[in-house]
Every structure is written in structure tokens, then in C-alpha cells.
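**Q** Take a look at this one; I'll ask things after.
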Amino acid sequence: FLADAQPAIFCKDVLPVALVAEGYQDIELEGPIFEFLQRRCRLDVKHVLASIVPRVAEGELVDLLGSRPGEALLQFDETGYGDDNRPILFSRIFYKDPIIRFTNLRTKV
């Protein structure tokens, strides 16, 4: 994903081949994975569990995100679950700082 023509996010989605209910064209995989899951697998992601992992840019990530080796990245490992709480999707997403930044607001209850 680009922000003002600069690489900001790199995402790799993985799903079991057994979930694909009908044929598809490779170009369909270039769109949102959630649309592919609905259209070709007849599945909806109902919730996602994400782990946030600090990373540094190395290997192919340097080229994919236009980063310097050792530059800070955030890695999200996400598992998407269907209606029956069965995992149907795994996504590994890398966010480039400072283009993408996450903020958390905590409030005393």
C-alpha cells in the first residue's frame, strides 16, 4: 500500500486452499482479501486477533517498503476467524513509521 506514492504498508495474506469454493482469476487476489473470501470462499471474517511485534527492516522488506536496513517497523500478525470461530485467514502486515503510526488512548474508568 502506498501513501503519496511512498511505500507505507506491506501485507501478505494466507488462507487454506481447501476454503476456496470456486475457481478464480489471479487478478482477484490483488483486491481486498475480505472480498475474495466472500466471493470465492463464501466466508466472512467475524473477528480478528492481532499480535503487534516490533521489527526492523531487513531482507526483502528493505526493498518492498523503501526502508533503510535496521529502520523500525511494526509487524501485525493477524488471524481472522469465521462464524464458527474457525481460523480462515492469516495476515502478516508491516507498517512503516512514521507514515503509519498507531495511537492508544487509555481512560480511567
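Residue numbering restarts at 1 for every chain of the C-alpha cells, chains are lettered A, B, ... in their displayed order, and ligands are numbered from 1 as they appear.
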Please extract the residues of range 69-108 of chain A with a backbone DSSP assignment of strand (DSSP E or B) and present them as number ranges by chain.
**A** A: 72-81, 87-96
**Q** Determine, counting only C-alpha atoms, which protein, DNA and RNA residues have an atom within 10 Å of an atom of range 66-72 of chain A; residues of the same chain fewer than 3 positions away are not included. Present the result as a list of chain:residue names.
**A**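 Selected residues are A:Gln6, A:Pro7, A:Ala8, A:Pro54, A:Arg55, A:Val56, A:Ala57, A:Glu58, A:Gly59, A:Glu60, A:Leu61, A:Val62, A:Asp63, A:Gln75, A:Tyr95, A:Lys96, A:Asp97, A:Pro98.
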**Q** Using only C-alpha atoms, which of the listed residues (A:Leu65, A:Ala3, A:Val48, A:Leu37) sits closest to Gly80 in chain A?
**A** A:Val48
**Q** Identify all residues of chain A in helix (DSSP H, G or I) (DSSP on the backbone) and supply them as a PyMOL selection string.
**A** chain A and resi 17-19+26-30+33-41+60-65
**Q** Separation of CA of Ala50 in chain A and CA of Cys11 in chain A, in Å?
**A**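 CA of Ala50 in chain A sits 13.5 Å away from CA of Cys11 in chain A.
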